[in-house]
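Here is the structure we will look at, set down as structure tokens.
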Amino acid sequence: MIPVSLSGGLFLLVALWLAFLAVLWIRELRRLSRHEWENSNRNLFFCPNCHYSFLTREPVNLSRCPRCNTICFRRSRRR
């Protein structure tokens with residue numbers, strides 16, 4: 001066995017525990033940033049049938065309304 005003093009063992013235990021918490025914290029930050037919604041006009045749709053506004057995860061040109069299941073097109077604005 002490796003001889004370790006009491007203070008050295010406690011220090012090692014606390015250091016490993018803090019390293020473990022830091023790894024979990026970094027993992028959670030990466031997970032949250034990967035699943036964040038991007039709020040832009042490219043993701044915003046308006047259903048002409050039921051007048052419901054909704055967001056999509058990806059910027060697409062065609063989507064279905066979650067309320068009435070109508071196909072909705074994203075209108076491109078002229079600049």
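Ligands are numbered from 1 in the order shown, chains are lettered A, B, ... in the order of the structure tokens, and residues start at 1 in each chain.
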message: Give me the residues near Phe73 of chain A as a list in words, where near means some atom within 7 Å (using only C-alpha atoms) and where sequence neighbours in that chain fewer than 5 positions away do not count.
response: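 Final neighbour list, sorted by chain and number: Asn61, Leu62 and Ser63 of chain A.
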Using the selection just defined, write its residues with all heavy atoms as a JSON list (two decimals), in the first residue's frame.
```
[["chain", "number", "residue", "atom", "x", "y", "z"],
["A", 61, "ASN", "N", -38.00, 26.18, -44.55],
["A", 61, "ASN", "CA", -38.98, 26.98, -45.28],
["A", 61, "ASN", "C", -40.40, 26.42, -45.18],
["A", 61, "ASN", "O", -41.35, 27.09, -45.53],
["A", 61, "ASN", "CB", -38.60, 27.06, -46.75],
["A", 61, "ASN", "CG", -37.35, 27.89, -46.95],
["A", 61, "ASN", "OD1", -37.09, 28.81, -46.20],
["A", 61, "ASN", "ND2", -36.57, 27.52, -47.94],
["A", 62, "LEU", "N", -40.53, 25.19, -44.72],
["A", 62, "LEU", "CA", -41.82, 24.51, -44.69],
["A", 62, "LEU", "C", -41.97, 23.79, -43.36],
["A", 62, "LEU", "O", -41.05, 23.10, -42.91],
["A", 62, "LEU", "CB", -41.88, 23.51, -45.84],
["A", 62, "LEU", "CG", -43.14, 22.70, -46.03],
["A", 62, "LEU", "CD1", -44.28, 23.60, -46.43],
["A", 62, "LEU", "CD2", -42.90, 21.65, -47.09],
["A", 63, "SER", "N", -43.13, 23.96, -42.72],
["A", 63, "SER", "CA", -43.37, 23.29, -41.45],
["A", 63, "SER", "C", -44.86, 23.06, -41.29],
["A", 63, "SER", "O", -45.68, 23.68, -41.97],
["A", 63, "SER", "CB", -42.84, 24.15, -40.31],
["A", 63, "SER", "OG", -43.04, 23.50, -39.08]]
```
message: I need the strand (DSSP E) residues of chain A per DSSP on the backbone, written as a list in words.
response: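 Filtering chain A down to strand (DSSP E) leaves Leu44, Phe45, Phe46, Ser53, Phe54, Leu55, Leu62, Ser63, Arg64, Ile71, Cys72 and Phe73 of chain A.
In this structure, atom CA of Thr70 of chain A sits 11.6 Å away from atom CA of Phe45 of chain A.
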query: If you run DSSP on the backbone, which residues of chain A are helix (DSSP H, G or I), as a ChimeraX atom specification?
result: /A:6-34
Residue neighbourhood Asn69 of chain A, 12 Å, only C-alpha atoms, exclusion window fewer than 5 positions, as a ChimeraX atom specification: /A:47-50,52,63-64
Suppose we keep N, CA, C and O atoms; can you now write the selection as an mmCIF file, in the first residue's frame?
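Contents of the output file selection-v6.cif:
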```
data_model
loop_
_atom_site.group_PDB
_atom_site.id
_atom_site.type_symbol
_atom_site.label_atom_id
_atom_site.label_comp_id
_atom_site.auth_asym_id
_atom_site.auth_seq_id
_atom_site.Cartn_x
_atom_site.Cartn_y
_atom_site.Cartn_z
ATOM 1 N N CYS A 47 -49.395 30.466 -38.746
ATOM 2 C CA CYS A 47 -50.366 29.637 -39.462
ATOM 3 C C CYS A 47 -51.507 30.523 -39.961
ATOM 4 O O CYS A 47 -52.178 31.182 -39.159
ATOM 5 N N PRO A 48 -51.762 30.529 -41.271
ATOM 6 C CA PRO A 48 -52.861 31.356 -41.790
ATOM 7 C C PRO A 48 -54.235 30.775 -41.485
ATOM 8 O O PRO A 48 -55.229 31.487 -41.521
ATOM 9 N N ASN A 49 -54.288 29.498 -41.156
ATOM 10 C CA ASN A 49 -55.568 28.844 -40.906
ATOM 11 C C ASN A 49 -56.079 29.129 -39.486
ATOM 12 O O ASN A 49 -57.200 29.582 -39.292
ATOM 13 N N CYS A 50 -55.270 28.875 -38.489
ATOM 14 C CA CYS A 50 -55.727 29.036 -37.100
ATOM 15 C C CYS A 50 -55.091 30.244 -36.398
ATOM 16 O O CYS A 50 -55.336 30.483 -35.221
ATOM 17 N N TYR A 52 -52.009 30.807 -35.437
ATOM 18 C CA TYR A 52 -51.136 30.373 -34.344
ATOM 19 C C TYR A 52 -49.690 30.627 -34.751
ATOM 20 O O TYR A 52 -49.269 30.253 -35.846
ATOM 21 N N SER A 63 -43.126 23.955 -42.725
ATOM 22 C CA SER A 63 -43.366 23.287 -41.452
ATOM 23 C C SER A 63 -44.864 23.062 -41.289
ATOM 24 O O SER A 63 -45.676 23.685 -41.967
ATOM 25 N N ARG A 64 -45.210 22.183 -40.368
ATOM 26 C CA ARG A 64 -46.623 21.927 -40.073
ATOM 27 C C ARG A 64 -47.006 22.615 -38.763
ATOM 28 O O ARG A 64 -46.245 22.616 -37.804
#
```
